[in-house]
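Chemist: So here's work39.txt, just compact mmCIF, C-alpha atoms and all ligand atoms:
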# COMPACT_ATOMS: atom_id res chain seq x y z
CA MET A 1 130.26 114.94 51.22
CA PRO A 2 127.46 116.29 48.98
CA SER A 3 125.43 113.64 47.21
CA THR A 4 126.37 113.06 43.58
CA ASP A 5 123.05 114.51 42.38
CA ALA A 6 123.38 117.68 44.52
CA PRO A 7 122.96 120.75 42.29
CA ARG A 8 126.28 122.28 41.28
CA ILE A 9 126.12 125.95 42.21
CA ALA A 10 128.74 128.68 41.73
CA LEU A 11 128.88 131.70 44.02
CA VAL A 12 130.40 134.72 42.33
CA PRO A 13 132.04 137.24 42.45
CA ASP A 14 134.81 136.16 44.81
CA ARG A 15 133.90 138.97 47.22
CA ALA A 16 130.39 137.46 47.75
CA PRO A 17 129.85 137.03 51.50
CA ALA A 18 130.40 133.69 53.22
CA TRP A 19 126.78 133.54 54.47
CA MET A 20 125.65 133.17 50.84
CA ALA A 21 127.85 130.09 50.51
CA ASP A 22 126.27 128.75 53.73
CA ALA A 23 122.79 129.45 52.31
CA ILE A 24 123.62 127.45 49.17
CA THR A 25 124.93 124.46 51.08
CA ALA A 26 121.96 124.65 53.50
CA GLY A 27 119.74 124.13 50.46
CA GLY A 28 121.70 121.03 49.48
CA GLY A 29 123.81 122.77 46.82
CA HIS A 30 127.34 121.72 46.03
CA LEU A 31 129.63 124.77 45.62
CA VAL A 32 131.73 124.49 42.48
CA PRO A 33 133.74 126.80 40.18
CA VAL A 34 131.70 128.54 37.45
CA GLY A 35 133.01 126.24 34.71
CA GLU A 36 131.49 123.19 36.44
CA ALA A 37 128.26 124.86 37.60
CA GLU A 38 124.69 124.46 36.37
CA ALA A 39 123.44 127.44 38.41
CA LEU A 40 124.96 130.63 39.71
CA VAL A 41 124.22 132.89 42.67
CA TRP A 42 125.38 136.44 42.00
CA GLY A 43 126.55 138.02 45.23
CA SER A 44 126.89 141.63 44.12
CA PRO A 45 123.87 143.94 43.90
CA THR A 46 125.54 145.84 41.05
CA ASP A 47 128.39 145.03 38.65
CA ALA A 48 126.24 143.74 35.81
CA GLY A 49 129.37 143.96 33.62
CA GLY A 50 131.14 141.44 35.84
CA LEU A 51 128.23 139.03 35.59
CA ALA A 52 128.06 139.47 31.81
CA THR A 53 131.73 138.53 31.49
CA ILE A 54 131.26 135.41 33.59
CA LEU A 55 128.14 134.24 31.75
CA ARG A 56 129.76 134.70 28.35
CA ASP A 57 132.07 131.75 29.11
CA ALA A 58 129.57 129.66 31.06
CA PRO A 59 126.97 128.12 28.71
CA GLY A 60 126.24 125.41 31.32
CA ILE A 61 124.53 127.89 33.70
CA ARG A 62 120.77 127.24 33.53
CA TRP A 63 119.67 129.41 36.45
CA VAL A 64 120.93 132.74 37.85
CA GLN A 65 119.81 134.05 41.26
CA LEU A 66 120.20 137.84 41.62
CA PRO A 67 120.33 139.38 45.10
CA TRP A 68 118.04 142.44 44.87
CA ALA A 69 114.33 142.91 44.21
CA GLY A 70 114.98 145.55 41.55
CA VAL A 71 116.78 144.13 38.49
CA GLU A 72 117.11 147.27 36.38
CA ALA A 73 120.93 147.10 36.49
CA PHE A 74 120.84 143.59 34.97
CA VAL A 75 117.98 143.94 32.54
CA ASP A 76 120.21 143.87 29.43
CA LEU A 77 121.56 140.45 30.47
CA ILE A 78 118.24 138.80 31.25
CA ASP A 79 117.15 136.54 28.41
CA ASP A 80 115.18 133.36 27.81
CA ASP A 81 118.31 131.22 27.53
CA ARG A 82 118.37 130.80 31.30
CA LEU A 83 115.99 131.04 34.22
CA TRP A 84 116.51 134.24 36.22
CA THR A 85 115.27 134.85 39.75
CA CYS A 86 115.69 137.91 41.95
CA GLY A 87 114.89 139.12 45.45
CA LYS A 88 111.40 140.37 44.52
CA GLY A 89 109.18 140.34 47.57
CA VAL A 90 111.91 139.02 49.83
CA TYR A 91 112.48 142.40 51.53
CA ALA A 92 108.78 143.26 51.60
CA GLU A 93 108.32 143.27 55.38
CA PRO A 94 111.12 145.69 56.33
CA VAL A 95 110.45 147.96 53.35
CA ALA A 96 106.71 148.09 54.06
CA GLU A 97 107.48 148.92 57.67
CA LEU A 98 109.63 151.85 56.54
CA ALA A 99 106.91 152.98 54.10
CA LEU A 100 104.44 153.13 56.99
CA THR A 101 107.00 154.93 59.17
CA LEU A 102 107.63 157.53 56.46
CA ALA A 103 103.92 157.97 55.77
CA LEU A 104 103.14 158.63 59.42
CA ALA A 105 106.19 160.84 59.88
CA GLY A 106 105.23 162.93 56.86
CA LEU A 107 101.53 163.26 57.54
CA ARG A 108 102.09 164.06 61.24
CA GLY A 109 104.74 166.73 60.55
CA LEU A 110 107.71 164.93 62.13
CA GLY A 111 110.12 166.33 59.52
CA THR A 112 109.42 169.83 60.78
CA TYR A 113 109.19 168.96 64.46
CA ALA A 114 112.39 166.88 64.47
CA ARG A 115 114.37 169.78 62.96
CA ALA A 116 112.77 172.48 65.13
CA ASP A 117 114.56 174.37 67.89
CA ARG A 118 111.37 175.97 69.17
CA TRP A 119 107.70 175.11 69.97
CA GLU A 120 106.07 174.95 66.52
CA PRO A 121 102.40 175.65 65.75
CA PRO A 122 100.15 172.58 65.33
CA ALA A 123 100.19 170.88 61.94
CA GLY A 124 99.62 167.45 60.43
CA SER A 125 96.87 165.19 59.21
CA ASN A 126 95.68 161.68 60.06
CA LEU A 127 96.54 158.51 58.26
CA THR A 128 93.42 157.04 59.81
CA GLY A 129 90.65 157.17 57.25
CA ALA A 130 92.92 158.66 54.55
CA GLN A 131 92.71 158.08 50.80
CA VAL A 132 95.85 156.11 49.99
CA THR A 133 97.16 155.28 46.52
CA VAL A 134 99.92 152.71 46.13
CA LEU A 135 101.85 152.37 42.87
CA GLY A 136 102.88 148.74 42.43
CA GLY A 137 101.14 145.60 43.58
CA GLY A 138 104.08 143.32 44.41
CA GLY A 139 105.58 142.00 47.62
CA ILE A 140 106.12 145.37 49.27
CA THR A 141 102.56 146.50 48.56
CA GLU A 142 101.09 143.24 49.89
CA SER A 143 102.92 143.75 53.19
CA PHE A 144 102.14 147.47 53.30
CA LEU A 145 98.40 146.88 52.82
CA ARG A 146 98.47 144.45 55.73
CA LEU A 147 100.17 147.03 57.97
CA LEU A 148 97.64 149.64 56.84
CA ARG A 149 94.62 147.61 57.96
CA PRO A 150 94.14 149.21 61.41
CA PHE A 151 94.09 152.69 59.87
CA ASP A 152 90.87 152.07 57.98
CA CYS A 153 92.11 153.85 54.85
CA HIS A 154 90.48 153.86 51.43
CA VAL A 155 93.15 152.17 49.31
CA THR A 156 93.68 152.26 45.57
CA VAL A 157 96.45 150.17 44.03
CA VAL A 158 97.84 150.89 40.58
CA ARG A 159 99.66 147.97 39.03
CA ASN A 160 100.72 146.70 35.65
CA ARG A 161 98.26 143.79 35.53
CA ALA A 162 95.13 144.58 37.51
CA GLN A 163 94.03 141.78 39.81
CA ASP A 164 92.35 141.92 43.20
CA MET A 165 94.56 142.46 46.22
CA GLU A 166 93.64 141.87 49.84
CA GLY A 167 93.39 145.24 51.58
CA ALA A 168 92.80 147.26 48.39
CA ASP A 169 89.39 148.80 47.74
CA VAL A 170 90.21 149.45 44.10
CA VAL A 171 92.91 148.04 41.80
CA LEU A 172 93.61 149.92 38.57
CA GLU A 173 95.97 149.36 35.67
CA SER A 174 98.65 151.97 35.11
CA ASP A 175 96.75 153.76 32.33
CA ARG A 176 94.38 154.91 35.13
CA LEU A 177 97.18 156.48 37.15
CA THR A 178 95.76 159.99 36.93
CA ASP A 179 92.40 158.82 38.37
CA ALA A 180 94.26 157.24 41.27
CA LEU A 181 96.28 160.33 42.11
CA ALA A 182 93.41 162.82 42.21
CA GLY A 183 92.14 163.15 45.76
CA ALA A 184 94.84 160.98 47.36
CA ASP A 185 96.12 162.08 50.77
CA LEU A 186 99.06 159.69 50.54
CA VAL A 187 100.79 158.21 47.49
CA VAL A 188 103.25 155.37 48.06
CA VAL A 189 105.64 154.41 45.26
CA ALA A 190 106.49 150.69 45.45
CA LEU A 191 106.83 149.47 41.87
CA ALA A 192 109.60 148.06 39.71
CA LEU A 193 111.82 150.41 37.72
CA THR A 194 111.35 149.84 34.00
CA PRO A 195 111.35 152.18 30.97
CA ASP A 196 107.57 152.57 31.57
CA THR A 197 107.89 153.54 35.22
CA GLU A 198 110.97 155.78 35.04
CA GLY A 199 109.68 159.32 35.71
CA ILE A 200 106.13 158.01 36.29
CA ILE A 201 105.72 160.89 38.76
CA SER A 202 106.51 164.25 37.17
CA ALA A 203 105.06 167.75 37.45
CA SER A 204 101.72 166.81 35.85
CA GLU A 205 101.15 163.91 38.27
CA LEU A 206 102.20 166.01 41.29
CA ASP A 207 99.71 168.69 40.17
CA LEU A 208 96.89 166.14 40.46
CA MET A 209 97.63 165.41 44.10
CA GLU A 210 96.03 167.30 47.00
CA PRO A 211 98.01 170.31 48.30
CA SER A 212 98.21 168.53 51.66
CA ALA A 213 99.17 165.12 50.19
CA TRP A 214 102.45 163.35 50.93
CA ILE A 215 104.32 161.11 48.56
CA VAL A 216 106.47 158.26 49.95
CA ASN A 217 109.02 156.57 47.69
CA VAL A 218 110.49 153.24 48.81
CA ALA A 219 111.14 151.85 45.31
CA ARG A 220 113.70 153.67 43.15
CA GLY A 221 114.60 157.36 42.96
CA ARG A 222 114.18 157.48 39.18
CA HIS A 223 110.42 156.90 39.46
CA ILE A 224 110.10 160.57 40.41
CA VAL A 225 111.48 163.47 38.35
CA THR A 226 113.57 165.10 41.06
CA ALA A 227 113.54 168.65 39.63
CA ASP A 228 109.72 168.54 39.40
CA LEU A 229 109.47 167.25 42.96
CA VAL A 230 111.74 170.02 44.27
CA ALA A 231 109.59 172.63 42.52
CA ALA A 232 106.35 171.07 43.82
CA LEU A 233 107.68 171.01 47.39
CA GLN A 234 108.94 174.59 47.16
CA GLN A 235 105.66 175.87 45.72
CA GLY A 236 103.37 173.90 48.05
CA VAL A 237 101.84 171.90 45.18
CA ILE A 238 101.87 168.90 47.54
CA GLY A 239 102.25 168.66 51.31
CA GLY A 240 105.56 166.82 51.31
CA ALA A 241 107.75 163.93 50.26
CA ALA A 242 109.35 161.18 52.31
CA LEU A 243 112.03 159.43 50.29
CA ASP A 244 114.05 156.30 51.02
CA VAL A 245 115.43 156.43 47.49
CA THR A 246 116.50 159.43 45.45
CA ASP A 247 117.78 160.41 42.04
CA PRO A 248 120.70 160.95 42.15
CA GLU A 249 121.61 158.42 44.81
CA PRO A 250 123.34 158.96 47.15
CA LEU A 251 121.83 162.43 47.28
CA PRO A 252 124.81 164.84 47.24
CA GLU A 253 125.46 167.28 50.05
CA GLY A 254 123.88 170.66 49.33
CA HIS A 255 121.08 169.19 47.17
CA PRO A 256 117.90 171.31 47.56
CA LEU A 257 115.91 168.31 48.87
CA TRP A 258 118.03 168.25 52.03
CA SER A 259 116.95 171.71 53.14
CA LEU A 260 113.23 171.56 52.30
CA PRO A 261 111.24 171.41 55.55
CA ASN A 262 108.54 169.31 53.87
CA CYS A 263 110.98 166.62 52.74
CA ILE A 264 112.15 163.65 54.83
CA ILE A 265 115.02 161.55 53.53
CA THR A 266 116.32 158.17 54.67
CA PRO A 267 119.46 156.80 52.97
CA HIS A 268 118.02 153.73 51.15
CA VAL A 269 117.52 151.77 54.34
CA GLY A 270 114.20 150.09 53.51
CA ASN A 271 116.13 146.97 54.21
CA THR A 272 119.54 147.43 55.80
CA PRO A 273 122.24 144.80 55.18
CA ASP A 274 121.51 143.33 58.63
CA MET A 275 117.81 143.01 57.80
CA ALA A 276 118.46 141.69 54.30
CA ARG A 277 120.96 138.96 55.21
CA PRO A 278 118.61 136.40 56.83
CA LEU A 279 115.83 137.11 54.33
CA LEU A 280 118.01 136.64 51.27
CA ALA A 281 119.75 133.63 52.82
CA GLU A 282 116.38 131.97 53.31
CA ARG A 283 115.36 132.73 49.69
CA ILE A 284 118.64 131.31 48.33
CA THR A 285 118.33 128.16 50.43
CA GLU A 286 114.72 127.63 49.38
CA ASN A 287 115.45 128.18 45.70
CA VAL A 288 118.45 125.83 45.75
CA LYS A 289 116.20 123.15 47.31
CA ARG A 290 113.56 123.74 44.65
CA PHE A 291 116.14 123.71 41.87
CA ALA A 292 117.42 120.38 43.18
CA HIS A 293 113.88 118.93 42.98
CA GLY A 294 112.97 120.52 39.64
CA GLU A 295 110.30 122.67 41.32
CA GLU A 296 109.20 126.19 40.40
CA LEU A 297 111.59 128.81 41.81
CA ILE A 298 110.48 131.84 43.85
CA GLY A 299 110.90 135.34 42.39
CA PRO A 300 111.25 134.61 38.66
CA VAL A 301 112.07 137.62 36.50
CA ASP A 302 109.70 138.02 33.56
CA THR A 303 111.97 138.55 30.57
CA GLU A 304 109.26 140.40 28.62
CA LEU A 305 108.27 142.74 31.45
CA GLY A 306 111.83 143.26 32.74
CA TYR A 307 111.03 142.78 36.46
N1 LIG A 401 113.96 150.84 49.50
C1 LIG A 401 114.49 149.62 49.51
O1 LIG A 401 115.38 149.32 50.31
C2 LIG A 401 113.96 148.60 48.55
C3 LIG A 401 114.02 147.23 48.90
C4 LIG A 401 113.46 146.28 48.05
C5 LIG A 401 112.91 146.68 46.84
N2 LIG A 401 112.93 148.00 46.49
C6 LIG A 401 112.34 148.44 45.21
O2 LIG A 401 110.93 148.21 45.29
C7 LIG A 401 110.47 147.60 44.08
C8 LIG A 401 109.26 146.74 44.39
O3 LIG A 401 109.67 145.65 45.21
P1 LIG A 401 108.74 144.34 45.34
O4 LIG A 401 109.50 143.39 46.16
O5 LIG A 401 107.36 144.75 45.71
O6 LIG A 401 108.80 143.87 43.80
P2 LIG A 401 107.75 143.02 42.95
O7 LIG A 401 107.08 142.03 43.82
O8 LIG A 401 108.53 142.57 41.76
O9 LIG A 401 106.66 144.10 42.49
C9 LIG A 401 106.88 145.00 41.44
C10 LIG A 401 105.55 145.63 41.12
O10 LIG A 401 105.73 146.67 40.13
C11 LIG A 401 104.53 146.70 39.39
N3 LIG A 401 104.70 147.40 38.12
C12 LIG A 401 105.57 147.14 37.12
N4 LIG A 401 105.37 147.99 36.08
C13 LIG A 401 104.32 148.78 36.44
C14 LIG A 401 103.62 149.83 35.81
N5 LIG A 401 103.94 150.27 34.59
N6 LIG A 401 102.60 150.43 36.49
C15 LIG A 401 102.25 150.01 37.72
N7 LIG A 401 102.87 149.00 38.38
C16 LIG A 401 103.89 148.40 37.75
C17 LIG A 401 104.20 145.23 39.16
O11 LIG A 401 102.84 145.10 38.79
P3 LIG A 401 102.18 143.64 38.47
O12 LIG A 401 102.30 142.85 39.73
O13 LIG A 401 100.76 143.96 38.15
O14 LIG A 401 102.97 143.05 37.35
C18 LIG A 401 104.54 144.64 40.52
O15 LIG A 401 103.39 144.60 41.34
C19 LIG A 401 111.68 146.80 43.57
O16 LIG A 401 111.61 146.64 42.16
C20 LIG A 401 112.85 147.66 44.00
O17 LIG A 401 113.16 148.58 42.97
C21 LIG A 401 113.43 148.97 47.32
Produce structure tokens that represent the structure in this file.

Modeler:
Amino acid sequence: MPSTDAPRIALVPDRAPAWMADAITAGGGHLVPVGEAEALVWGSPTDAGGLATILRDAPGIRWVQLPWAGVEAFVDLIDDDRLWTCGKGVYAEPVAELALTLALAGLRGLGTYARADRWEPPAGSNLTGAQVTVLGGGGITESFLRLLRPFDCHVTVVRNRAQDMEGADVVLESDRLTDALAGADLVVVALALTPDTEGIISASELDLMEPSAWIVNVARGRHIVTADLVAALQQGVIGGAALDVTDPEPLPEGHPLWSLPNCIITPHVGNTPDMARPLLAERITENVKRFAHGEELIGPVDTELGY
């Protein structure tokens, strides 16, 4: 029997997986129907309309936990009437690992070699000692900078609110983006999708990059203007692109990006469901515990900034 002061938490929609219910109870939460709940865990990474409908009739909900790091699908619902938390930073380790994998694969020519049916001429450049620019300074970037340490790179981070980061030589605010792109051998996109960051990389930004530079995107496809990227890859404006996320997504069969030799695509597997499950479960459990004790929750969404 849950104690009488256990927080009353609803898990919705009905199709939310059972492990989320286990994560709530592991944190001391008492699972109740929405009408009796003071907090709600939303178990679907999309379906903002479904959540809107539920919240309309649930004024008692003081806290909503969203499952993903990116909240762009929910941004119209997020207001100051409730506390909102998301999965920001929770998937940082697996996503950073993929960012490093894609960076090395791109710079060392694996896209070409893996597709080849003959002995190709030598190509590729080192990550070791490279100039690396990372867009975004959140959880993924923190983990990525740690993984980058042995490669002795010169690292510039571009983030919304400049503040020092361990592993970064320079941190710039986003109005200095062009300075950060010039001369970079590797650009990693790891920021939140907002109206300000949609299309943050278009033809003019790609033009600033070195002809040998690779861009890695592990955030959202809409950060990069796809048509401009295709043109830049076809014309050799940059060395290549390694994309875990695309616009459109899923990338349709026959899309030009599939057949470009200097493009590597993974199907949004920065964190697979198997990787995500224990990480999100731990976050839910921890936040339910904190909610029960009136403590600050992890991963709050800033209603002004929209991430
Ligand atoms: N590929 C995948 O499977 C996968 C998995 C998880 C997440 N993601 C995506 O990756 C994104 C980042 O994840 P995270 O966990 O690192 O999130 P996070 O901790 O919320 O970090 C978001 C970062 O975006 C930065 N940002 C926002 N607006 C900016 C702007 N105009 N210019 C420069 N930087 C800006 C923020 O800067 P400040 O810190 O200075 O405010 C913050 O550092 C998520 O939003 C999600 O879209 C993808």

Chemist: Can you tell me which residues sit at most 8 Å away from ligand LIG 401 (chain A), counting all atoms listed in the file, written as an MDAnalysis selection string?

Modeler: chainID A and resid 68:72 87:92 95 135:142 158:163 173:175 190:194 196:197 217:220 244:245 268:272 299 305 307

Chemist: Go through A:Cys263, A:Asp57, A:Ile238, A:Ala281 and flag the residue nearest A:Arg115, using all atoms listed in the file for the distances.

Modeler: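 Smallest separation from A:Arg115 among the options: A:Cys263.
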
Chemist: Pick from A:Val32, A:Leu104, A:Ala26, A:Cys86: nearest to A:Ala10, with all atoms listed in the file counted?

Modeler: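 Among the listed residues, A:Val32 lies closest to A:Ala10.
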
Chemist: Nearest to A:Pro67 among A:Arg149, A:His293, A:Arg277, A:His30, with distances taken over only C-alpha atoms: which residue is it?

Modeler: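 The shortest atom-to-atom distance to A:Pro67 comes from A:Arg277.
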
Chemist: Would you kindly return, as a ChimeraX atom specification, each protein, DNA or RNA residue with an atom no farther than 10 Å from any atom of A:Leu100, considering all atoms listed in the file and excluding same-chain residues fewer than 4 positions away?

Modeler: /A:95-96,104-106,127,144-145,147-148,188,216

Chemist: Just give me the gap between atom CA of A:Ala39 and atom CA of A:Pro59 in Å, one decimal is fine.

Modeler: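 Distance between the two atoms: 10.3 Å.
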
Chemist: Using all atoms listed in the file for the distances, tell me which of A:Thr303, A:Thr285, A:Ser212, A:Gln234 is nearest to A:Ala123.

Modeler: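 The closest residue to A:Ala123 is A:Ser212.
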
Chemist: Any idea what the distance is between atom CA of A:Pro211 and atom CA of A:Pro250?

Modeler: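 Computed distance, atom CA of A:Pro211 to atom CA of A:Pro250, equals 27.8 Å.
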
Chemist: One number please: atom CA of A:Ala16 to atom CA of A:Arg62, in Å, one decimal.

Modeler: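 A separation of 20.0 Å between them.
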
Chemist: Find the spatial neighbours of A:Ala58, counting all atoms listed in the file, within a cut-off of 9 Å - ignore same-chain residues fewer than 2 positions away - and output them as a PyMOL selection string.

Modeler: chain A and resi 34-38+54-56+60-61

Chemist: Which residue is closest to A:Leu107? Choose from A:Val187, A:Met20, A:Ile201, A:Ile284 and count all atoms listed in the file.

Modeler: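 The shortest atom-to-atom distance to A:Leu107 comes from A:Val187.
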
Chemist: Write only C-alpha atoms for stretch 117-187 of chain A from the block just shown, as a CSV table (one decimal), in the first residue's frame.

Modeler:
chain,number,residue,atom,x,y,z
A,117,ASP,CA,33.5,-2.9,-54.1
A,118,ARG,CA,37.1,-2.2,-55.0
A,119,TRP,CA,40.4,-1.0,-53.4
A,120,GLU,CA,39.9,2.8,-53.1
A,121,PRO,CA,42.7,5.4,-53.1
A,122,PRO,CA,43.7,6.8,-49.7
A,123,ALA,CA,41.6,9.6,-48.2
A,124,GLY,CA,40.6,11.0,-44.9
A,125,SER,CA,41.8,13.3,-42.2
A,126,ASN,CA,42.5,13.1,-38.5
A,127,LEU,CA,40.2,14.0,-35.7
A,128,THR,CA,43.3,14.2,-33.5
A,129,GLY,CA,44.3,17.9,-33.3
A,130,ALA,CA,41.3,19.0,-35.3
A,131,GLN,CA,39.4,22.3,-35.0
A,132,VAL,CA,36.0,21.2,-33.7
A,133,THR,CA,32.9,23.4,-33.3
A,134,VAL,CA,29.9,22.2,-31.4
A,135,LEU,CA,26.5,23.9,-31.6
A,136,GLY,CA,24.7,23.6,-28.3
A,137,GLY,CA,26.2,23.4,-24.8
A,138,GLY,CA,23.7,21.0,-23.1
A,139,GLY,CA,23.9,17.4,-21.9
A,140,ILE,CA,25.0,15.9,-25.2
A,141,THR,CA,27.8,18.4,-25.7
A,142,GLU,CA,29.1,17.9,-22.1
A,143,SER,CA,29.4,14.2,-22.8
A,144,PHE,CA,30.8,14.7,-26.2
A,145,LEU,CA,33.5,17.0,-25.0
A,146,ARG,CA,34.5,14.4,-22.4
A,147,LEU,CA,34.8,11.7,-25.1
A,148,LEU,CA,36.8,14.1,-27.3
A,149,ARG,CA,39.5,14.7,-24.6
A,150,PRO,CA,42.0,12.1,-25.9
A,151,PHE,CA,41.9,13.6,-29.4
A,152,ASP,CA,43.5,16.9,-28.3
A,153,CYS,CA,41.2,19.0,-30.4
A,154,HIS,CA,40.7,22.7,-30.4
A,155,VAL,CA,37.1,23.0,-29.4
A,156,THR,CA,34.7,25.9,-29.8
A,157,VAL,CA,31.2,25.7,-28.4
A,158,VAL,CA,28.4,27.9,-29.6
A,159,ARG,CA,25.5,28.1,-27.1
A,160,ASN,CA,22.6,30.4,-26.3
A,161,ARG,CA,24.0,31.6,-23.0
A,162,ALA,CA,27.8,31.6,-23.0
A,163,GLN,CA,29.3,30.1,-19.9
A,164,ASP,CA,32.5,28.1,-19.5
A,165,MET,CA,32.4,24.4,-20.3
A,166,GLU,CA,34.9,21.8,-19.3
A,167,GLY,CA,36.7,20.6,-22.5
A,168,ALA,CA,35.9,23.7,-24.5
A,169,ASP,CA,38.7,26.2,-25.4
A,170,VAL,CA,36.2,28.9,-26.4
A,171,VAL,CA,32.5,29.3,-25.7
A,172,LEU,CA,30.6,31.8,-27.9
A,173,GLU,CA,27.0,33.0,-28.0
A,174,SER,CA,25.0,32.2,-31.1
A,175,ASP,CA,25.5,35.6,-32.7
A,176,ARG,CA,29.2,34.6,-33.1
A,177,LEU,CA,28.2,31.4,-35.1
A,178,THR,CA,30.0,32.6,-38.3
A,179,ASP,CA,33.3,33.0,-36.4
A,180,ALA,CA,32.9,29.5,-35.0
A,181,LEU,CA,32.3,27.9,-38.4
A,182,ALA,CA,35.2,29.5,-40.3
A,183,GLY,CA,38.2,27.1,-40.1
A,184,ALA,CA,36.4,24.2,-38.4
A,185,ASP,CA,37.4,20.7,-39.5
A,186,LEU,CA,34.3,19.3,-37.8
A,187,VAL,CA,31.0,20.9,-36.9
